[in-house]
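Structure file start17.cif with mmCIF, C-alpha atoms and all ligand atoms:
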```cif
data_query
loop_
_atom_site.label_atom_id
_atom_site.label_comp_id
_atom_site.auth_asym_id
_atom_site.auth_seq_id
_atom_site.Cartn_x
_atom_site.Cartn_y
_atom_site.Cartn_z
CA MET A 260 108.49 136.47 144.00
CA ALA A 261 105.73 138.67 142.68
CA ARG A 262 106.79 141.88 144.38
CA ARG A 263 104.54 144.10 142.40
CA THR A 264 100.99 143.88 141.29
CA PRO A 265 101.18 144.10 137.55
CA ALA A 266 98.36 145.77 135.78
CA ASP A 267 96.02 143.35 134.14
CA GLU A 268 95.79 144.07 130.45
CA SER A 269 92.04 144.02 130.64
CA ASP A 270 92.17 146.87 133.17
CA PHE A 271 93.35 149.29 130.53
CA ARG A 272 90.67 148.23 128.15
CA SER A 273 87.83 148.50 130.58
CA ARG A 274 88.47 152.12 131.45
CA PRO A 275 85.51 154.30 130.61
CA SER A 276 85.78 155.70 127.13
CA LYS A 277 85.18 159.33 126.23
CA ARG A 278 81.62 158.47 125.48
CA GLY A 279 81.19 157.28 129.04
CA SER A 280 80.89 153.76 130.33
CA ARG A 281 77.90 151.63 129.68
CA PRO A 282 76.24 149.69 132.47
CA ARG A 283 77.99 146.42 131.66
CA THR A 284 76.55 144.38 134.48
CA LYS A 285 73.12 144.48 132.91
CA ARG A 286 74.34 142.92 129.74
CA ARG A 287 76.65 140.41 131.27
CA PRO A 288 75.40 137.04 132.49
CA SER A 289 76.68 136.16 135.94
CA HIS A 290 78.05 132.73 134.96
CA GLU A 291 77.64 131.29 138.40
CA ASP A 292 78.24 127.82 137.06
CA ALA A 293 81.66 128.73 135.69
CA VAL A 294 84.64 126.49 136.50
CA THR A 295 88.28 127.54 136.70
CA GLY A 296 91.12 126.13 134.63
CA MET A 297 94.62 127.01 133.55
CA VAL A 298 95.48 127.89 129.97
CA ILE A 299 98.20 125.45 128.90
CA ALA A 300 98.32 126.20 125.16
CA VAL A 301 97.04 128.78 122.70
CA ASP A 302 96.57 128.20 119.02
CA ARG A 303 94.84 130.72 116.76
CA GLY A 304 91.91 131.59 118.97
CA ARG A 305 91.62 128.13 120.48
CA TYR A 306 92.71 127.69 124.07
CA THR A 307 93.67 124.41 125.65
CA LEU A 308 92.74 124.39 129.32
CA LEU A 309 93.44 122.05 132.16
CA LEU A 310 90.79 121.79 134.84
CA PRO A 311 92.06 120.42 138.13
CA GLU A 312 91.08 116.95 139.18
CA THR A 313 87.63 116.87 140.68
CA SER A 314 85.90 115.06 143.49
CA ASP A 315 82.94 112.68 143.09
CA ASP A 316 80.69 115.73 143.09
CA GLY A 317 81.80 116.36 139.58
CA ALA A 318 83.81 118.99 137.79
CA ARG A 319 81.72 121.98 138.67
CA ALA A 320 81.69 121.62 142.43
CA GLY A 321 85.42 121.06 142.57
CA ALA A 322 86.27 123.98 140.40
CA ARG A 323 83.90 126.30 142.23
CA GLU A 324 85.72 125.45 145.42
CA GLU A 325 88.99 126.38 143.80
CA ARG A 326 87.63 129.67 142.57
CA ASP A 327 86.43 130.66 146.01
CA GLY A 328 89.87 130.05 147.41
CA SER A 329 91.86 132.15 144.93
CA ALA A 330 92.79 129.99 142.00
CA ALA A 331 95.66 132.16 140.83
CA GLY A 332 98.85 131.27 142.58
CA ALA A 333 97.31 128.14 144.07
CA PRO A 334 99.29 124.93 143.75
CA ALA A 335 99.41 123.82 140.16
CA PRO A 336 96.68 121.45 139.08
CA SER A 337 97.99 118.05 138.21
CA GLY A 338 99.14 117.20 134.74
CA GLY A 339 97.74 115.28 131.80
CA SER A 340 96.23 112.17 133.28
CA SER A 341 94.56 113.53 136.40
CA GLY A 342 92.91 116.72 135.16
CA VAL A 343 90.38 117.38 132.43
CA VAL A 344 91.91 118.84 129.29
CA LEU A 345 89.50 120.82 127.22
CA SER A 346 89.29 123.16 124.30
CA ALA A 347 87.77 126.62 124.67
CA MET A 348 87.29 129.93 122.95
CA LYS A 349 86.77 133.40 124.34
CA ALA A 350 83.31 134.75 125.00
CA ARG A 351 82.27 137.81 123.01
CA GLU A 352 82.90 140.20 125.89
CA LEU A 353 86.56 139.16 125.98
CA THR A 354 87.23 139.72 122.28
CA ARG A 355 89.71 142.50 122.96
CA THR A 356 91.34 140.90 125.97
CA ARG A 357 94.41 138.77 125.51
CA VAL A 358 94.36 135.35 127.10
CA VAL A 359 97.79 133.76 127.40
CA VAL A 360 99.41 130.58 128.63
CA GLY A 361 99.43 130.53 132.41
CA ASP A 362 96.18 132.46 132.72
CA ARG A 363 93.60 131.10 135.15
CA VAL A 364 90.25 131.47 133.46
CA GLU A 365 86.63 130.73 134.18
CA VAL A 366 84.76 128.71 131.60
CA VAL A 367 81.14 127.83 130.96
CA GLY A 368 79.36 125.58 128.51
CA ASP A 369 80.58 122.08 127.72
CA VAL A 370 83.41 121.50 130.20
CA THR A 371 83.51 117.74 129.85
CA GLY A 372 86.53 117.80 127.58
CA ALA A 373 84.73 115.36 125.30
CA GLU A 374 86.02 115.04 121.74
CA GLY A 375 84.86 118.02 119.68
CA SER A 376 83.50 119.94 122.68
CA LEU A 377 84.19 123.64 123.01
CA ALA A 378 83.84 125.58 126.25
CA ARG A 379 83.60 129.35 126.55
CA ILE A 380 86.02 131.53 128.55
CA VAL A 381 84.04 134.20 130.39
CA ARG A 382 86.57 135.64 132.82
CA ILE A 383 90.28 135.93 133.48
CA THR A 384 91.39 135.62 137.08
CA GLU A 385 93.65 138.41 138.30
CA ARG A 386 97.22 137.69 137.31
CA THR A 387 100.01 137.38 139.87
CA SER A 388 102.63 138.26 137.25
CA VAL A 389 102.80 139.28 133.63
CA LEU A 390 105.87 138.63 131.50
CA ARG A 391 105.87 141.19 128.69
CA ARG A 392 107.90 141.88 125.65
CA THR A 393 107.95 144.70 123.20
CA ALA A 394 108.25 143.44 119.66
CA ASP A 395 110.97 145.97 118.99
CA ASP A 396 112.61 148.62 121.18
CA ASP A 397 111.18 151.34 118.97
CA ASP A 398 107.75 149.79 118.85
CA PRO A 399 105.78 150.64 121.95
CA TYR A 400 103.23 147.90 121.36
CA GLU A 401 103.69 145.36 124.09
CA ARG A 402 102.63 141.77 124.26
CA ILE A 403 102.07 139.59 127.24
CA VAL A 404 104.08 136.40 126.80
CA VAL A 405 102.99 134.39 129.83
CA ALA A 406 100.87 135.06 132.91
CA ASN A 407 101.25 133.88 136.52
CA ALA A 408 104.82 132.59 136.19
CA ASP A 409 107.26 133.31 138.99
CA ARG A 410 110.60 132.34 137.47
CA LEU A 411 112.34 132.99 134.18
CA VAL A 412 114.85 130.34 133.16
CA ILE A 413 117.36 131.67 130.66
CA VAL A 414 118.83 128.69 128.84
CA THR A 415 122.25 129.58 127.45
CA ALA A 416 124.87 127.28 125.95
CA LEU A 417 128.44 127.73 127.19
CA ALA A 418 129.58 126.93 123.63
CA ASP A 419 128.08 125.95 120.30
CA PRO A 420 126.45 128.48 120.01
CA PRO A 421 128.61 130.82 122.16
CA PRO A 422 126.85 132.73 124.95
CA ARG A 423 125.65 136.27 124.27
CA THR A 424 125.61 138.33 127.41
CA GLY A 425 123.60 141.12 125.78
CA MET A 426 120.73 138.69 125.29
CA ILE A 427 121.01 137.34 128.84
CA ASP A 428 120.97 140.90 130.22
CA ARG A 429 117.79 141.69 128.33
CA CYS A 430 116.08 138.59 129.65
CA VAL A 431 117.10 139.47 133.22
CA VAL A 432 115.61 142.94 132.78
CA ALA A 433 112.34 141.54 131.42
CA ALA A 434 112.08 139.11 134.33
CA TYR A 435 112.86 141.68 137.03
CA ASP A 436 110.41 144.08 135.44
CA ALA A 437 107.75 141.38 135.70
CA GLY A 438 108.59 140.67 139.35
CA MET A 439 109.94 137.22 138.48
CA ASP A 440 113.23 135.81 139.66
CA VAL A 441 115.85 134.44 137.33
CA LEU A 442 117.56 131.09 136.94
CA LEU A 443 120.40 131.06 134.45
CA CYS A 444 120.74 127.55 133.09
CA LEU A 445 124.13 127.09 131.45
CA THR A 446 124.10 124.10 129.11
CA LYS A 447 126.87 122.16 127.38
CA ALA A 448 129.28 122.43 130.32
CA ASP A 449 131.04 119.45 128.74
CA LEU A 450 132.27 121.91 126.09
CA ALA A 451 133.29 124.98 128.15
CA SER A 452 133.61 126.28 131.73
CA PRO A 453 130.72 128.14 133.38
CA ASP A 454 132.99 130.18 135.70
CA GLU A 455 133.03 133.44 133.77
CA LEU A 456 129.26 133.66 133.33
CA ARG A 457 128.71 132.71 136.96
CA GLY A 458 130.92 135.62 138.00
CA LEU A 459 128.96 137.97 135.77
CA TYR A 460 125.45 137.04 136.92
CA GLU A 461 125.57 135.84 140.51
CA PRO A 462 126.21 139.41 141.77
CA LEU A 463 122.86 140.35 140.18
CA GLY A 464 120.99 137.89 142.35
CA VAL A 465 120.65 135.47 139.47
CA GLN A 466 120.75 131.79 140.42
CA VAL A 467 122.98 129.68 138.19
CA VAL A 468 122.66 126.00 137.37
CA VAL A 469 124.81 123.99 134.97
CA THR A 470 123.96 121.02 132.73
CA ARG A 471 126.18 118.84 130.59
CA ALA A 472 126.01 115.93 128.20
CA ASP A 473 126.43 112.46 129.66
CA SER A 474 130.13 111.77 129.08
CA THR A 475 129.53 108.04 128.81
CA ALA A 476 126.87 108.36 126.14
CA GLY A 477 129.07 110.23 123.66
CA ASP A 478 125.98 111.92 122.36
CA GLY A 479 124.81 115.47 123.06
CA ALA A 480 121.20 114.30 123.20
CA ALA A 481 121.71 112.38 126.46
CA LEU A 482 122.17 114.73 129.41
CA ASP A 483 124.01 113.93 132.60
CA GLY A 484 121.26 112.75 134.97
CA ALA A 485 122.61 114.46 138.08
CA SER A 486 122.73 117.83 136.34
CA VAL A 487 119.13 117.44 135.14
CA GLU A 488 118.01 116.61 138.69
CA GLU A 489 119.69 119.78 139.92
CA VAL A 490 117.62 121.79 137.46
CA ARG A 491 114.48 119.92 138.52
CA ALA A 492 115.16 120.79 142.14
CA ARG A 493 115.32 124.49 141.23
CA LEU A 494 112.01 124.31 139.36
CA ARG A 495 110.10 122.30 141.94
CA GLY A 496 106.85 123.93 143.02
CA ARG A 497 107.39 126.91 140.72
CA THR A 498 105.90 128.08 137.45
CA SER A 499 108.93 128.61 135.23
CA VAL A 500 109.18 130.09 131.79
CA LEU A 501 112.08 128.83 129.67
CA VAL A 502 113.61 131.06 127.02
CA GLY A 503 116.68 130.50 124.88
CA HIS A 504 118.13 130.87 121.43
CA SER A 505 117.97 128.13 118.86
CA GLY A 506 120.47 125.35 119.43
CA VAL A 507 121.25 126.03 123.09
CA GLY A 508 119.72 122.70 124.13
CA LYS A 509 116.43 123.95 125.56
CA SER A 510 114.37 121.19 123.97
CA THR A 511 116.89 118.55 125.04
CA LEU A 512 116.59 119.84 128.61
CA ILE A 513 112.79 119.98 128.57
CA ASN A 514 112.61 116.43 127.25
CA ALA A 515 114.87 115.29 130.07
CA LEU A 516 112.73 117.08 132.66
CA VAL A 517 109.36 116.14 131.17
CA PRO A 518 109.82 112.89 129.23
CA THR A 519 106.30 113.04 127.82
CA ALA A 520 106.95 116.48 126.32
CA ARG A 521 108.69 115.26 123.17
CA ARG A 522 109.82 118.72 122.18
CA ALA A 523 111.47 118.63 118.77
CA THR A 524 115.24 118.82 119.07
CA GLY A 525 117.44 119.99 116.26
CA ASP A 526 121.07 120.22 115.34
CA VAL A 527 122.74 123.62 115.19
CA ASN A 528 124.45 122.40 112.03
CA ASP A 529 121.15 122.00 110.23
CA VAL A 530 121.18 123.62 106.82
CA THR A 531 118.87 126.38 107.98
CA GLY A 532 120.87 127.00 111.13
CA ARG A 533 117.60 127.11 112.99
CA GLY A 534 115.58 124.62 114.90
CA ARG A 535 112.79 122.63 113.40
CA HIS A 536 110.02 123.99 115.51
CA THR A 537 106.94 124.91 113.61
CA SER A 538 104.99 125.98 116.66
CA THR A 539 105.74 129.46 117.94
CA SER A 540 103.33 129.78 120.84
CA ALA A 541 104.04 128.96 124.44
CA VAL A 542 102.97 125.69 126.03
CA ALA A 543 102.78 124.72 129.70
CA LEU A 544 104.02 121.28 130.74
CA ALA A 545 103.46 119.73 134.16
CA LEU A 546 106.84 118.99 135.74
CA PRO A 547 107.02 115.48 137.18
CA ASP A 548 108.75 115.23 140.52
CA GLY A 549 111.49 112.86 139.39
CA LEU A 550 111.21 110.00 136.98
CA GLY A 551 109.38 106.72 137.37
CA ASP A 552 105.78 105.56 137.29
CA ASP A 553 104.71 107.21 140.52
CA ALA A 554 106.04 110.63 139.51
CA GLN A 555 103.75 113.38 140.80
CA PRO A 556 103.53 116.69 138.97
CA ASP A 557 105.26 119.39 140.98
CA GLY A 558 105.49 122.70 139.17
CA TRP A 559 105.09 123.93 135.63
CA VAL A 560 107.57 124.36 132.83
CA ILE A 561 106.45 126.76 130.12
CA ASP A 562 108.28 126.49 126.83
CA THR A 563 108.31 129.55 124.59
CA PRO A 564 109.61 128.45 121.20
CA GLY A 565 108.79 131.78 119.58
CA VAL A 566 110.53 133.98 122.14
CA ARG A 567 114.25 134.37 121.52
CA SER A 568 114.74 137.69 123.22
CA PHE A 569 112.93 140.65 124.66
CA GLY A 570 112.20 144.10 123.34
CA LEU A 571 112.27 146.28 126.43
CA ALA A 572 110.71 149.60 125.46
CA HIS A 573 108.00 149.07 128.08
CA VAL A 574 110.37 148.63 131.03
CA GLU A 575 110.58 151.48 133.52
CA VAL A 576 113.82 152.24 135.35
CA GLY A 577 111.97 152.23 138.66
CA ASN A 578 110.73 148.68 138.11
CA LEU A 579 114.22 147.47 137.35
CA LEU A 580 115.68 149.29 140.37
CA ARG A 581 113.20 147.61 142.66
CA ALA A 582 114.86 144.28 141.95
CA PHE A 583 117.98 145.68 143.66
CA GLU A 584 117.01 146.67 147.18
CA ASP A 585 120.34 148.23 148.14
CA LEU A 586 120.56 150.32 144.97
CA ASP A 587 116.90 151.27 145.17
CA ALA A 588 117.36 152.69 148.66
CA ALA A 589 120.46 154.63 147.65
CA ALA A 590 118.80 156.04 144.52
CA ALA A 591 116.28 157.86 146.69
CA GLU A 592 118.96 160.57 147.00
CA CYS A 593 119.34 160.99 143.24
CA PRO A 594 118.42 164.25 141.50
CA ARG A 595 115.01 164.25 139.83
CA GLY A 596 115.01 162.44 136.52
CA CYS A 597 118.42 160.85 137.13
CA THR A 598 119.16 158.17 134.52
CA HIS A 599 121.51 156.38 136.99
CA LEU A 600 123.84 155.67 134.07
CA ALA A 601 127.60 156.05 134.46
CA ASP A 602 127.54 159.55 132.95
CA ALA A 603 124.61 160.80 135.04
CA PRO A 604 125.61 163.96 136.95
CA ASP A 605 125.37 163.63 140.76
CA CYS A 606 123.92 160.10 140.63
CA ALA A 607 123.69 159.01 144.27
CA LEU A 608 124.70 155.50 143.30
CA ASP A 609 128.27 156.70 142.76
CA GLU A 610 128.33 158.10 146.31
CA TRP A 611 126.83 154.89 147.66
CA GLU A 612 129.64 152.92 146.06
CA ALA A 613 132.40 155.26 147.30
CA ALA A 614 130.96 155.50 150.82
CA GLU A 615 131.73 151.88 151.71
CA PRO A 616 134.95 151.87 153.82
CA ASP A 617 135.69 148.15 153.63
CA THR A 618 137.69 147.30 150.51
CA GLU A 619 136.07 143.95 149.90
CA ALA A 620 132.54 145.20 150.48
CA ARG A 621 133.26 148.15 148.23
CA ALA A 622 134.40 145.82 145.46
CA HIS A 623 131.07 144.05 145.78
CA ARG A 624 129.21 147.35 145.50
CA THR A 625 131.22 148.23 142.43
CA LEU A 626 130.26 144.92 140.85
CA ARG A 627 126.57 145.40 141.68
CA LEU A 628 126.55 148.93 140.34
CA THR A 629 128.43 148.06 137.15
CA SER A 630 126.11 145.12 136.53
CA PHE A 631 123.02 147.19 137.20
CA ARG A 632 124.22 149.87 134.81
CA ARG A 633 124.91 147.25 132.19
CA LEU A 634 121.28 146.10 132.50
CA LEU A 635 120.05 149.69 132.35
CA ALA A 636 122.05 150.26 129.19
CA SER A 637 120.69 147.09 127.61
CA ARG A 638 117.21 148.44 128.22
CA THR A 639 117.82 151.76 126.54
CA GLY A 640 119.82 150.24 123.71
CA ALA A 641 122.94 152.16 124.80
CA ALA A 642 124.88 148.89 124.70
CA GLY A 643 124.84 145.99 122.27
N1 LIG B 1 127.67 118.77 123.87
C1 LIG B 1 126.42 118.98 124.24
N2 LIG B 1 125.44 119.05 123.30
C2 LIG B 1 124.17 119.27 123.72
C3 LIG B 1 123.84 119.44 125.09
N3 LIG B 1 122.51 119.66 125.18
C4 LIG B 1 122.03 119.64 123.91
N4 LIG B 1 123.02 119.41 123.02
C5 LIG B 1 122.91 119.34 121.55
O1 LIG B 1 122.67 120.64 121.04
C6 LIG B 1 121.86 120.60 119.87
C7 LIG B 1 120.67 121.52 120.01
O2 LIG B 1 119.82 121.05 121.03
P1 LIG B 1 118.26 121.35 121.09
O3 LIG B 1 117.75 120.78 122.34
O4 LIG B 1 117.58 120.98 119.84
O5 LIG B 1 118.31 122.93 121.16
P2 LIG B 1 117.10 123.96 121.28
O6 LIG B 1 117.58 125.01 122.18
O7 LIG B 1 115.85 123.30 121.61
O8 LIG B 1 117.04 124.56 119.83
P3 LIG B 1 115.78 124.64 118.88
O9 LIG B 1 115.34 123.21 118.70
O10 LIG B 1 116.33 125.23 117.64
O11 LIG B 1 114.81 125.51 119.57
C8 LIG B 1 121.45 119.13 119.70
O12 LIG B 1 122.31 118.55 118.76
C9 LIG B 1 121.70 118.54 121.09
O13 LIG B 1 121.99 117.17 121.03
C10 LIG B 1 124.92 119.35 126.06
O14 LIG B 1 124.75 119.49 127.28
N5 LIG B 1 126.17 119.13 125.57
ZN ZN B 2 120.95 158.08 139.96
#
```
For this file, produce the structure as structure tokens.
Ligand SMILES: Nc1nc2c(ncn2[C@@H]2O[C@H](COP(=O)(O)OP(=O)(O)OP(=O)(O)O)[C@@H](O)[C@H]2O)c(=O)[nH]1
Ligand SMILES: [Zn+2]
Amino acid sequence: MARRTPADESDFRSRPSKRGSRPRTKRRPSHEDAVTGMVIAVDRGRYTLLLPETSDDGARAGAREERDGSAAGAPAPSGGSSGVVLSAMKARELTRTRVVVGDRVEVVGDVTGAEGSLARIVRITERTSVLRRTADDDDPYERIVVANADRLVIVTALADPPPRTGMIDRCVVAAYDAGMDVLLCLTKADLASPDELRGLYEPLGVQVVVTRADSTAGDGAALDGASVEEVRARLRGRTSVLVGHSGVGKSTLINALVPTARRATGDVNDVTGRGRHTSTSAVALALPDGLGDDAQPDGWVIDTPGVRSFGLAHVEVGNLLRAFEDLDAAAAECPRGCTHLADAPDCALDEWEAAEPDTEARAHRTLRLTSFRRLLASRTGAAG
């Protein structure tokens, strides 16, 4: 659901400087032999890439074909066994450009993936989406978390730890700003009912799915199989980014979805109160289409152990509004510079709500407007 074309970070950087732009093409090799892969992990300047499976013609021919037919947004290349996994670093000309998990990049050099080999990333393919975060609401510096994902999965426990709607709101805002849709995955339904949270988020267009521990196993680590399959069905064919606070059961869920993932799971009662993850960078995992030996990868699951919430200083009201078609249309009548918040004078959204004659439909509008304003407030820090 990439409704908008997000600016590529490298676009900003390549604007001509005050001293004028230099003729870059002369200095830059054309890299006609480059092949395209997806960044599946990043670790201190080293990028792990997956090149799609190739024909008998060899890696280069196959990847060139993919590049010609728009690699970004194309069906995900297959996972572990059937693609070439290789290690790469950025070429000099990309020193100031951020390369993140999910990026489709062109590489040259040794692309065999042989032990100890290192390829060179020479180009980033245009991104279909960019999930950003600001480190802090007061800090305008923004970071790209993941590129080319189309769905944000907010993993929230119904209890132990208790859900925090402020955090969920902020994640919804970050996703809508990025043009991604949202799946709210409510875990630990064996401990508490999902009804209240459903009522709070479904009016925002957020899909909700519920998981629970297997009641027969008597152990939180084993999830109810049917609930896991329901999550899998929602992720099929998509590139999904999973975020969630420590202890909500995100790793347990990922391990159930991708058995080869072996994400470290922890206990909320650990002395530190935190998980045992040491890695903080995102990693993309190919989602198998069901379990069993013949499971075919069908979609990507991107785990983000380091991302617990989103600073939202970069989000513009207009971007958020665009995720709500009805409100967006009504807001066209607002005075210039309207904040659309509850105390905004002459905000057309209030009229839009009042103008609906049918009681039931009006109640729905009220719910939409209240929810939207809650999200707006979470962005500006007006609410906890
Ligand atoms: N009752 C119950 N417990 C669960 C469920 N899912 C996970 N747990 C337990 O919750 C605890 C935390 O699970 P993790 O998967 O480690 O949580 P996490 O979100 O990955 O947390 P970090 O590892 O800190 O990032 C573990 O003890 C799990 O066994 C569930 O559906 N029901
Ligand atoms: Zn307004």
Distance limit 8 Å, reference ligand ZN 2 (chain B), atoms considered: only C-alpha atoms and all ligand atoms. Which residues make the cut? Give them as a PDB file with C-alpha atoms, in the coordinates of the input.
```pdb
ATOM      1  CA  ALA A 590     118.800 156.040 144.520  1.00  0.00           C
ATOM      2  CA  GLU A 592     118.960 160.570 147.000  1.00  0.00           C
ATOM      3  CA  CYS A 593     119.340 160.990 143.240  1.00  0.00           C
ATOM      4  CA  PRO A 594     118.420 164.250 141.500  1.00  0.00           C
ATOM      5  CA  CYS A 597     118.420 160.850 137.130  1.00  0.00           C
ATOM      6  CA  THR A 598     119.160 158.170 134.520  1.00  0.00           C
ATOM      7  CA  HIS A 599     121.510 156.380 136.990  1.00  0.00           C
ATOM      8  CA  LEU A 600     123.840 155.670 134.070  1.00  0.00           C
ATOM      9  CA  ALA A 603     124.610 160.800 135.040  1.00  0.00           C
ATOM     10  CA  ASP A 605     125.370 163.630 140.760  1.00  0.00           C
ATOM     11  CA  CYS A 606     123.920 160.100 140.630  1.00  0.00           C
ATOM     12  CA  ALA A 607     123.690 159.010 144.270  1.00  0.00           C
ATOM     13  CA  LEU A 608     124.700 155.500 143.300  1.00  0.00           C
ATOM     14  CA  ASP A 609     128.270 156.700 142.760  1.00  0.00           C
TER      15      ASP A 609
END
```
Find the residues around A:Leu345 up to 8 Å (all atoms listed in the file counted), leave out those fewer than 5 positions away in its own chain, and share them as a PyMOL selection string. chain A and resi 307-310+370-373+376-378
Contact residues around A:Val404 with all atoms listed in the file at 7 Å, ignoring same-chain residues under 4 positions, as a list in words: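 Final neighbour list, sorted by chain and number: Val359, Leu390, Arg391 and Arg392 of chain A.
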Separation of atom CA of A:Thr618 from atom CA of A:Ala589 in Å: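 Atom CA of A:Ala589 sits 18.9 Å away from atom CA of A:Thr618.
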Which residue, A:Ala520, A:Ala614, A:Ala350, A:Ala418, has the smallest gap to ligand LIG 1 (chain B) when you use all atoms listed in the file?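 Smallest separation from ligand LIG 1 (chain B) among the options: A:Ala418.
When all atoms listed in the file are used to compute distances to ligand LIG 1 (chain B), the closest of the residues A:Thr470, A:Arg351, A:Ala408, A:Thr356 turns out to be A:Thr470.
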Of A:Ala481, A:Ala300, A:Ile413, A:Val432, the one sitting nearest A:Gly577 when using all atoms listed in the file is A:Val432
With all atoms listed in the file as the atoms that count, which of A:Val389, A:Leu579, A:Cys430, A:Val358 lies nearest to A:Asp409?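 Ranked by minimum distance to A:Asp409, first place goes to A:Val389.
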Which residue out of A:Arg632, A:Arg581, A:His623, A:His504 has the minimum interatomic distance to ligand LIG 1 (chain B) when all atoms listed in the file are used? A:His504
Using all atoms listed in the file for the distances, tell me which of A:Ala523, A:Ala588, A:Ala293, A:Ile403 is nearest to ligand LIG 1 (chain B).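 That would be A:Ala523, the residue with the smallest distance to ligand LIG 1 (chain B).
Separating atom CA of A:Met297 from atom CA of A:Pro547 is a distance of 17.3 Å.
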